[in-house]
$ cat protein28.json   # JSON, C-alpha atoms
[["chain", "number", "residue", "atom", "x", "y", "z"],
["A", 1, "MET", "CA", -12.67, 0.00, -12.54],
["A", 2, "ASN", "CA", -11.82, -3.04, -14.64],
["A", 3, "THR", "CA", -9.70, -3.49, -17.74],
["A", 4, "ASP", "CA", -9.37, -6.25, -20.29],
["A", 5, "HIS", "CA", -6.15, -7.57, -18.80],
["A", 6, "PRO", "CA", -5.35, -8.07, -15.09],
["A", 7, "ILE", "CA", -2.28, -6.32, -13.76],
["A", 8, "ILE", "CA", -1.51, -9.37, -11.59],
["A", 9, "CYS", "CA", -2.44, -12.78, -12.98],
["A", 10, "LEU", "CA", -1.67, -15.99, -11.09],
["A", 11, "ASN", "CA", -2.45, -19.22, -12.91],
["A", 12, "ASN", "CA", -2.28, -22.71, -11.39],
["A", 13, "ILE", "CA", 0.19, -21.62, -8.68],
["A", 14, "SER", "CA", 1.34, -24.30, -6.26],
["A", 15, "PHE", "CA", 3.91, -23.93, -3.50],
["A", 16, "SER", "CA", 5.08, -26.16, -0.66],
["A", 17, "TYR", "CA", 7.58, -25.51, 2.11],
["A", 18, "PRO", "CA", 10.20, -28.23, 2.65],
["A", 19, "GLY", "CA", 8.93, -30.94, 4.97],
["A", 20, "ALA", "CA", 5.31, -29.74, 4.89],
["A", 21, "ASP", "CA", 2.55, -32.34, 4.74],
["A", 22, "ALA", "CA", 0.48, -30.34, 2.25],
["A", 23, "PRO", "CA", 1.07, -27.45, -0.16],
["A", 24, "VAL", "CA", 0.33, -24.00, 1.25],
["A", 25, "LEU", "CA", -0.87, -22.92, -2.21],
["A", 26, "ASP", "CA", -2.49, -25.57, -4.39],
["A", 27, "GLN", "CA", -3.25, -24.80, -8.07],
["A", 28, "LEU", "CA", -4.29, -21.29, -7.09],
["A", 29, "ASP", "CA", -5.77, -18.90, -9.67],
["A", 30, "PHE", "CA", -6.21, -15.18, -9.07],
["A", 31, "ASP", "CA", -6.62, -12.06, -11.21],
["A", 32, "PHE", "CA", -6.26, -8.52, -9.88],
["A", 33, "TYR", "CA", -7.26, -5.52, -12.00],
["A", 34, "ALA", "CA", -6.32, -1.85, -11.96],
["A", 35, "GLY", "CA", -8.59, 0.18, -9.71],
["A", 36, "GLU", "CA", -9.55, -2.72, -7.46],
["A", 37, "ARG", "CA", -9.33, -2.64, -3.68],
["A", 38, "THR", "CA", -9.24, -6.22, -2.50],
["A", 39, "GLY", "CA", -9.08, -7.84, 0.91],
["A", 40, "LEU", "CA", -7.78, -11.30, 1.74],
["A", 41, "VAL", "CA", -8.75, -12.62, 5.15],
["A", 42, "ALA", "CA", -7.67, -15.97, 6.55],
["A", 43, "PRO", "CA", -6.01, -17.41, 9.66],
["A", 44, "ASN", "CA", -2.28, -17.22, 10.24],
["A", 45, "GLY", "CA", -0.40, -19.90, 8.33],
["A", 46, "SER", "CA", -2.92, -20.10, 5.50],
["A", 47, "GLY", "CA", -0.54, -18.72, 2.87],
["A", 48, "LYS", "CA", -1.37, -15.01, 2.65],
["A", 49, "THR", "CA", 2.21, -13.81, 3.11],
["A", 50, "THR", "CA", 3.50, -16.60, 0.88],
["A", 51, "LEU", "CA", 1.19, -15.36, -1.87],
["A", 52, "PHE", "CA", 2.63, -11.83, -1.69],
["A", 53, "GLN", "CA", 6.19, -13.15, -1.70],
["A", 54, "ILE", "CA", 5.47, -15.14, -4.85],
["A", 55, "VAL", "CA", 3.99, -12.07, -6.57],
["A", 56, "MET", "CA", 7.16, -10.13, -5.71],
["A", 57, "GLY", "CA", 9.48, -12.92, -6.81],
["A", 58, "LEU", "CA", 10.83, -13.49, -3.30],
["A", 59, "LEU", "CA", 9.64, -17.10, -3.47],
["A", 60, "LYS", "CA", 9.48, -19.26, -6.59],
["A", 61, "PRO", "CA", 6.34, -21.38, -7.05],
["A", 62, "ASP", "CA", 6.69, -25.12, -7.58],
["A", 63, "SER", "CA", 4.40, -24.84, -10.61],
["A", 64, "GLY", "CA", 2.19, -22.35, -12.40],
["A", 65, "HIS", "CA", 2.56, -19.09, -14.30],
["A", 66, "ILE", "CA", 2.64, -15.43, -13.25],
["A", 67, "LYS", "CA", 1.92, -12.39, -15.37],
["A", 68, "ILE", "CA", 2.36, -8.87, -14.03],
["A", 69, "PHE", "CA", 1.42, -5.80, -16.09],
["A", 70, "GLY", "CA", 0.75, -8.15, -19.00],
["A", 71, "LYS", "CA", 4.20, -9.75, -19.06],
["A", 72, "THR", "CA", 5.21, -13.22, -17.92],
["A", 73, "VAL", "CA", 7.60, -13.10, -14.97],
["A", 74, "SER", "CA", 9.61, -16.08, -13.85],
["A", 75, "GLU", "CA", 13.26, -15.10, -13.45],
["A", 76, "GLU", "CA", 14.83, -12.57, -11.09],
["A", 77, "LYS", "CA", 15.49, -10.13, -13.93],
["A", 78, "ASP", "CA", 11.74, -10.13, -14.70],
["A", 79, "PHE", "CA", 10.82, -9.24, -11.13],
["A", 80, "VAL", "CA", 13.49, -6.54, -10.91],
["A", 81, "ALA", "CA", 11.63, -4.73, -13.68],
["A", 82, "VAL", "CA", 8.21, -4.85, -11.96],
["A", 83, "ARG", "CA", 9.13, -4.36, -8.29],
["A", 84, "PRO", "CA", 9.38, -0.55, -8.53],
["A", 85, "ARG", "CA", 5.74, -0.56, -9.71],
["A", 86, "ILE", "CA", 4.45, -2.69, -6.82],
["A", 87, "GLY", "CA", 4.86, -1.50, -3.25],
["A", 88, "LEU", "CA", 5.05, -4.24, -0.61],
["A", 89, "LEU", "CA", 4.42, -3.34, 3.02],
["A", 90, "PHE", "CA", 5.96, -6.07, 5.16],
["A", 91, "GLN", "CA", 4.07, -7.60, 8.06],
["A", 92, "ASP", "CA", 6.87, -6.58, 10.45],
["A", 93, "ALA", "CA", 7.95, -2.96, 9.99],
["A", 94, "ASP", "CA", 11.36, -3.80, 11.50],
["A", 95, "ASP", "CA", 12.03, -5.91, 8.38],
["A", 96, "GLN", "CA", 11.48, -2.83, 6.21],
["A", 97, "LEU", "CA", 13.17, -0.02, 8.12],
["A", 98, "PHE", "CA", 16.95, -0.10, 8.28],
["A", 99, "SER", "CA", 18.28, 3.46, 8.08],
["A", 100, "PRO", "CA", 19.20, 5.48, 11.17],
["A", 101, "THR", "CA", 16.61, 8.22, 10.70],
["A", 102, "VAL", "CA", 13.09, 8.40, 9.35],
["A", 103, "LEU", "CA", 13.99, 10.73, 6.48],
["A", 104, "GLU", "CA", 16.83, 8.46, 5.36],
["A", 105, "ASP", "CA", 14.50, 5.46, 5.37],
["A", 106, "VAL", "CA", 11.77, 7.15, 3.35],
["A", 107, "ALA", "CA", 14.25, 8.70, 0.90],
["A", 108, "PHE", "CA", 16.03, 5.40, 0.22],
["A", 109, "GLY", "CA", 13.46, 4.22, -2.34],
["A", 110, "PRO", "CA", 13.37, 7.38, -4.46],
["A", 111, "LEU", "CA", 17.19, 7.53, -4.42],
["A", 112, "ASN", "CA", 17.32, 3.91, -5.55],
["A", 113, "LEU", "CA", 14.98, 4.81, -8.42],
["A", 114, "GLY", "CA", 17.41, 7.46, -9.65],
["A", 115, "LYS", "CA", 16.04, 10.60, -8.02],
["A", 116, "SER", "CA", 18.53, 13.24, -6.97],
["A", 117, "LYS", "CA", 19.10, 13.75, -3.25],
["A", 118, "GLN", "CA", 17.14, 17.00, -3.38],
["A", 119, "GLU", "CA", 14.24, 15.34, -5.19],
["A", 120, "ALA", "CA", 14.24, 12.34, -2.83],
["A", 121, "VAL", "CA", 14.19, 14.56, 0.24],
["A", 122, "ALA", "CA", 11.34, 16.67, -1.17],
["A", 123, "ILE", "CA", 9.30, 13.56, -2.01],
["A", 124, "SER", "CA", 9.96, 12.12, 1.43],
["A", 125, "ARG", "CA", 8.93, 15.27, 3.26],
["A", 126, "ARG", "CA", 5.70, 15.49, 1.24],
["A", 127, "MET", "CA", 4.91, 11.85, 1.94],
["A", 128, "LEU", "CA", 5.56, 12.14, 5.66],
["A", 129, "SER", "CA", 3.38, 15.24, 5.80],
["A", 130, "SER", "CA", 0.53, 13.51, 3.94],
["A", 131, "LEU", "CA", 0.57, 10.72, 6.54],
["A", 132, "GLY", "CA", 0.54, 13.12, 9.48],
["A", 133, "LEU", "CA", 4.22, 12.55, 10.29],
["A", 134, "GLU", "CA", 5.49, 16.12, 10.11],
["A", 135, "GLY", "CA", 8.51, 16.59, 12.34],
["A", 136, "PHE", "CA", 9.51, 12.92, 12.18],
["A", 137, "GLU", "CA", 12.32, 13.47, 9.69],
["A", 138, "ASP", "CA", 15.17, 13.35, 12.21],
["A", 139, "ARG", "CA", 13.60, 10.84, 14.58],
["A", 140, "ILE", "CA", 15.63, 7.69, 15.24],
["A", 141, "THR", "CA", 13.79, 4.85, 13.50],
["A", 142, "LEU", "CA", 14.60, 2.24, 16.15],
["A", 143, "LYS", "CA", 13.08, 4.42, 18.88],
["A", 144, "LEU", "CA", 9.67, 4.80, 17.22],
["A", 145, "SER", "CA", 6.59, 3.07, 18.59],
["A", 146, "GLY", "CA", 5.15, 0.11, 16.72],
["A", 147, "GLY", "CA", 2.42, 2.24, 15.17],
["A", 148, "GLU", "CA", 4.86, 4.96, 14.17],
["A", 149, "LYS", "CA", 7.13, 2.40, 12.53],
["A", 150, "ARG", "CA", 4.18, 1.02, 10.55],
["A", 151, "LEU", "CA", 3.28, 4.47, 9.24],
["A", 152, "VAL", "CA", 6.89, 5.32, 8.39],
["A", 153, "ALA", "CA", 7.21, 2.00, 6.54],
["A", 154, "LEU", "CA", 4.07, 2.90, 4.57],
["A", 155, "ALA", "CA", 5.54, 6.33, 3.79],
["A", 156, "ALA", "CA", 8.70, 4.61, 2.51],
["A", 157, "VAL", "CA", 6.63, 2.41, 0.20],
["A", 158, "LEU", "CA", 4.46, 5.27, -1.07],
["A", 159, "ALA", "CA", 7.51, 7.48, -1.69],
["A", 160, "MET", "CA", 8.41, 5.13, -4.54],
["A", 161, "GLN", "CA", 5.10, 6.05, -6.21],
["A", 162, "PRO", "CA", 3.99, 2.47, -6.93],
["A", 163, "GLU", "CA", 0.99, 1.60, -9.10],
["A", 164, "VAL", "CA", -0.14, -1.20, -6.79],
["A", 165, "LEU", "CA", 0.13, -1.76, -3.04],
["A", 166, "LEU", "CA", 0.41, -5.15, -1.34],
["A", 167, "LEU", "CA", -0.23, -4.63, 2.37],
["A", 168, "ASP", "CA", 0.60, -7.53, 4.69],
["A", 169, "GLU", "CA", -1.27, -7.27, 8.01],
["A", 170, "PRO", "CA", -0.98, -3.44, 8.11],
["A", 171, "SER", "CA", -3.16, -3.12, 11.22],
["A", 172, "ALA", "CA", -1.38, -5.76, 13.30],
["A", 173, "GLY", "CA", -0.41, -4.48, 16.74],
["A", 174, "LEU", "CA", -1.87, -0.99, 16.22],
["A", 175, "ASP", "CA", -3.96, 0.78, 18.84],
["A", 176, "GLU", "CA", -7.43, 1.91, 17.78],
["A", 177, "LYS", "CA", -6.42, 5.53, 17.20],
["A", 178, "THR", "CA", -3.53, 4.59, 14.90],
["A", 179, "LYS", "CA", -5.69, 2.00, 13.16],
["A", 180, "GLU", "CA", -8.36, 4.62, 12.43],
["A", 181, "HIS", "CA", -5.65, 6.95, 11.12],
["A", 182, "LEU", "CA", -4.37, 4.20, 8.83],
["A", 183, "VAL", "CA", -7.88, 3.50, 7.53],
["A", 184, "GLY", "CA", -8.29, 7.19, 6.67],
["A", 185, "ILE", "CA", -4.97, 7.21, 4.81],
["A", 186, "LEU", "CA", -5.78, 4.11, 2.76],
["A", 187, "LYS", "CA", -9.29, 5.30, 1.90],
["A", 188, "ASN", "CA", -7.86, 8.51, 0.42],
["A", 189, "LEU", "CA", -5.16, 6.85, -1.68],
["A", 190, "ASP", "CA", -5.71, 6.88, -5.44],
["A", 191, "ILE", "CA", -4.09, 3.50, -5.93],
["A", 192, "SER", "CA", -5.03, -0.15, -6.37],
["A", 193, "TYR", "CA", -4.28, -2.40, -3.42],
["A", 194, "ILE", "CA", -4.57, -5.84, -1.91],
["A", 195, "ILE", "CA", -4.67, -6.06, 1.88],
["A", 196, "VAL", "CA", -4.15, -9.32, 3.73],
["A", 197, "SER", "CA", -5.33, -9.43, 7.32],
["A", 198, "HIS", "CA", -6.91, -11.66, 9.92],
["A", 199, "GLU", "CA", -9.01, -8.67, 11.08],
["A", 200, "PHE", "CA", -12.22, -8.87, 9.09],
["A", 201, "ASP", "CA", -13.70, -5.61, 10.36],
["A", 202, "PHE", "CA", -10.57, -3.70, 9.35],
["A", 203, "LEU", "CA", -10.84, -5.07, 5.82],
["A", 204, "ALA", "CA", -14.59, -4.46, 5.62],
["A", 205, "GLY", "CA", -14.00, -0.71, 5.84],
["A", 206, "LEU", "CA", -11.41, -0.68, 3.05],
["A", 207, "ALA", "CA", -12.00, -3.47, 0.55],
["A", 208, "GLU", "CA", -14.60, -3.58, -2.20],
["A", 209, "SER", "CA", -14.35, -7.37, -2.35],
["A", 210, "ILE", "CA", -13.02, -9.80, 0.23],
["A", 211, "TYR", "CA", -11.56, -13.23, -0.44],
["A", 212, "THR", "CA", -10.23, -15.97, 1.76],
["A", 213, "LEU", "CA", -7.72, -18.79, 1.37],
["A", 214, "GLN", "CA", -9.12, -22.30, 1.75],
["A", 215, "ASN", "CA", -7.14, -25.45, 1.04],
["A", 216, "GLY", "CA", -4.52, -23.46, -0.83],
["A", 217, "LYS", "CA", -6.99, -21.69, -3.12],
["A", 218, "ILE", "CA", -8.51, -18.20, -3.15],
["A", 219, "VAL", "CA", -12.28, -18.21, -2.60],
["A", 220, "LEU", "CA", -14.83, -15.39, -2.82],
["A", 221, "ASP", "CA", -17.95, -15.87, -0.72],
["A", 222, "THR", "CA", -20.82, -13.45, -1.31],
["A", 223, "GLU", "CA", -22.87, -14.61, 1.67],
["A", 224, "LEU", "CA", -23.93, -11.65, 3.83],
["A", 225, "HIS", "CA", -24.36, -11.93, 7.58],
["A", 226, "LEU", "CA", -26.02, -9.10, 9.47],
["A", 227, "HIS", "CA", -25.26, -8.60, 13.13],
["A", 228, "GLU", "CA", -27.39, -6.88, 15.75],
["A", 229, "HIS", "CA", -25.26, -3.74, 15.45],
["A", 230, "VAL", "CA", -26.14, -3.80, 11.74],
["A", 231, "HIS", "CA", -23.38, -4.08, 9.22],
["A", 232, "ALA", "CA", -22.82, -6.48, 6.34],
["A", 233, "HIS", "CA", -19.97, -8.91, 5.90],
["A", 234, "THR", "CA", -19.09, -10.11, 2.42],
["A", 235, "TYR", "CA", -17.31, -13.13, 3.80],
["A", 236, "GLY", "CA", -19.74, -13.60, 6.66],
["A", 237, "ARG", "CA", -18.61, -17.01, 7.81],
["A", 238, "GLN", "CA", -15.01, -15.92, 8.42],
["A", 239, "PRO", "CA", -14.50, -15.79, 12.22],
["A", 240, "HIS", "CA", -14.07, -12.27, 13.57],
["A", 241, "LYS", "CA", -14.74, -10.34, 16.73],
["A", 242, "HIS", "CA", -15.92, -6.89, 17.78],
["A", 243, "ASP", "CA", -14.52, -4.86, 20.66]]
$ encode --input "protein28.json" --output "structure tokens"
Amino acid sequence: MNTDHPIICLNNISFSYPGADAPVLDQLDFDFYAGERTGLVAPNGSGKTTLFQIVMGLLKPDSGHIKIFGKTVSEEKDFVAVRPRIGLLFQDADDQLFSPTVLEDVAFGPLNLGKSKQEAVAISRRMLSSLGLEGFEDRITLKLSGGEKRLVALAAVLAMQPEVLLLDEPSAGLDEKTKEHLVGILKNLDISYIIVSHEFDFLAGLAESIYTLQNGKIVLDTELHLHEHVHAHTYGRQPHKHD
């Protein structure tokens, strides 16, 4: 699905970290539309996480313009208005989970959005159930496995009922069973999303189009490479491996 106006529009975005020899993002342009499911694959350090942080207003670009949901955003007050509509899943689940129990963590977002305690708990229980996490409500967050933490963090993001998901390396550190479970969850979501990952095969099963970051810019490559085990790669030249 495509509309006349992108819901995320990045124009001429540049960003450098202090002391860096080159900008991590260099006059980058990118439009993301409602209904799209987009992958972004590139090596660590290429700027994928930086890009998400700029979209969320956690980093300020050195130059360029950002529009989200059709409105220019540049100051903190602008981003405060759009953040409830965009769910960001952090690369490290420990950066996202901070409450003692799972239910408290998942309910925090709805409560912060003005839901009553009863409403927040009901939303949280439904979300945990939909992700196959029934019975996790009273589990101690710090004692969960890495895969369990990742799924609980996703439940916390989804409980806020965002219109867009930004998923930063959601499959990192997951075993194959949990990764397959996560793929099934994401495939069944009725929501637009951008996934950044260094795992091409994970993205290939979820994204309708796959981009990469090269020299600080987003690039789409339509070249297809077929392997002996027969599947197509949109960004065929991106290094990847098969177990």
$ residues_near_point --input "protein28.json" --point "(-9.1, -0.1, -5.9)" --cutoff "9 Å" --atoms "only C-alpha atoms" --output "number ranges by chain"
A: 1, 33-38, 190-194, 207-208
$ closest_atom_pairs --input "protein28.json" --of "stretch 45-132 of chain A" --to "stretch 171-183 of chain A" --cutoff "9 Å" --atoms "all atoms listed in the file" --output "Markdown table"
| residue | atom | partner | partner_atom | distance |
| --- | --- | --- | --- | --- |
| A:Gln91 | CA | A:Ala172 | CA | 7.8 |
| A:Asp92 | CA | A:Ala172 | CA | 8.8 |
| A:Leu131 | CA | A:Leu182 | CA | 8.5 |
| A:Gly132 | CA | A:His181 | CA | 8.9 |
$ closest_residue --input "protein28.json" --among "A:Asp94, A:Leu154, A:Gly146, A:Gly57" --to "A:Asp78" --atoms "all atoms listed in the file"
A:Gly57
$ residues_around --input "protein28.json" --residues "A:Glu199" --least-positions-apart "3" --cutoff "9 Å" --atoms "all atoms listed in the file" --output "list in words"
Val41, Ala42, Glu169, Ser171, Ala172, Val196, Phe202, Leu203, Ala204, His240 and Lys241 of chain A
$ residues_around --input "protein28.json" --residues "A:Gly135" --least-positions-apart "6" --cutoff "10 Å" --atoms "all atoms listed in the file" --output "MDAnalysis selection string"
chainID A and resid 102:103 125 128:129
$ closest_residue --input "protein28.json" --among "A:Thr141, A:Thr50, A:Asn112, A:Asn188" --to "A:Gln96" --atoms "all atoms listed in the file"
A:Thr141
$ residues_near_point --input "protein28.json" --point "(1.0, -17.8, -8.9)" --cutoff "12 Å" --atoms "all atoms listed in the file" --output "JSON, numbers by chain"
{"A": [8, 9, 10, 11, 12, 13, 14, 15, 24, 25, 26, 27, 28, 29, 30, 31, 32, 47, 50, 51, 52, 53, 54, 55, 56, 57, 59, 60, 61, 62, 63, 64, 65, 66, 67, 68, 72, 73, 74, 216, 217, 218]}
$ residues_around --input "protein28.json" --residues "A:Leu158" --least-positions-apart "6" --cutoff "12 Å" --atoms "all atoms listed in the file" --output "PyMOL selection string"
chain A and resi 84-89+105-110+123-128+130-131+151-152+164-167+185-186+189-191+193
$ closest_residue --input "protein28.json" --among "A:Leu40, A:Ser16, A:Arg150, A:Leu220" --to "A:Leu206" --atoms "all atoms listed in the file"
A:Leu40
$ closest_residue --input "protein28.json" --among "A:Leu58, A:Leu142, A:Val121, A:Ile7" --to "A:Thr101" --atoms "only C-alpha atoms"
A:Leu142
$ closest_residue --input "protein28.json" --among "A:Pro162, A:Gly39, A:Gly45, A:Pro170" --to "A:Thr212" --atoms "only C-alpha atoms"
A:Gly39
$ atom_distance --input "protein28.json" --atom1 "atom CA of A:Lys115" --atom2 "atom CA of A:Ala81"
16.9 Å
$ atom_distance --input "protein28.json" --atom1 "atom CA of A:Lys117" --atom2 "atom CA of A:Asp95"
23.9 Å
$ axis_aligned_box --input "protein28.json" --around "stretch 177-188 of chain A" --padding-each-side "5 Å" --output "AutoDock Vina command-line options"
--center_x -6.4 --center_y 5.3 --center_z 8.8 --size_x 15.8 --size_y 16.5 --size_z 26.8
$ atom_distance --input "protein28.json" --atom1 "atom CA of A:His5" --atom2 "atom CA of A:Gly70"
6.9 Å
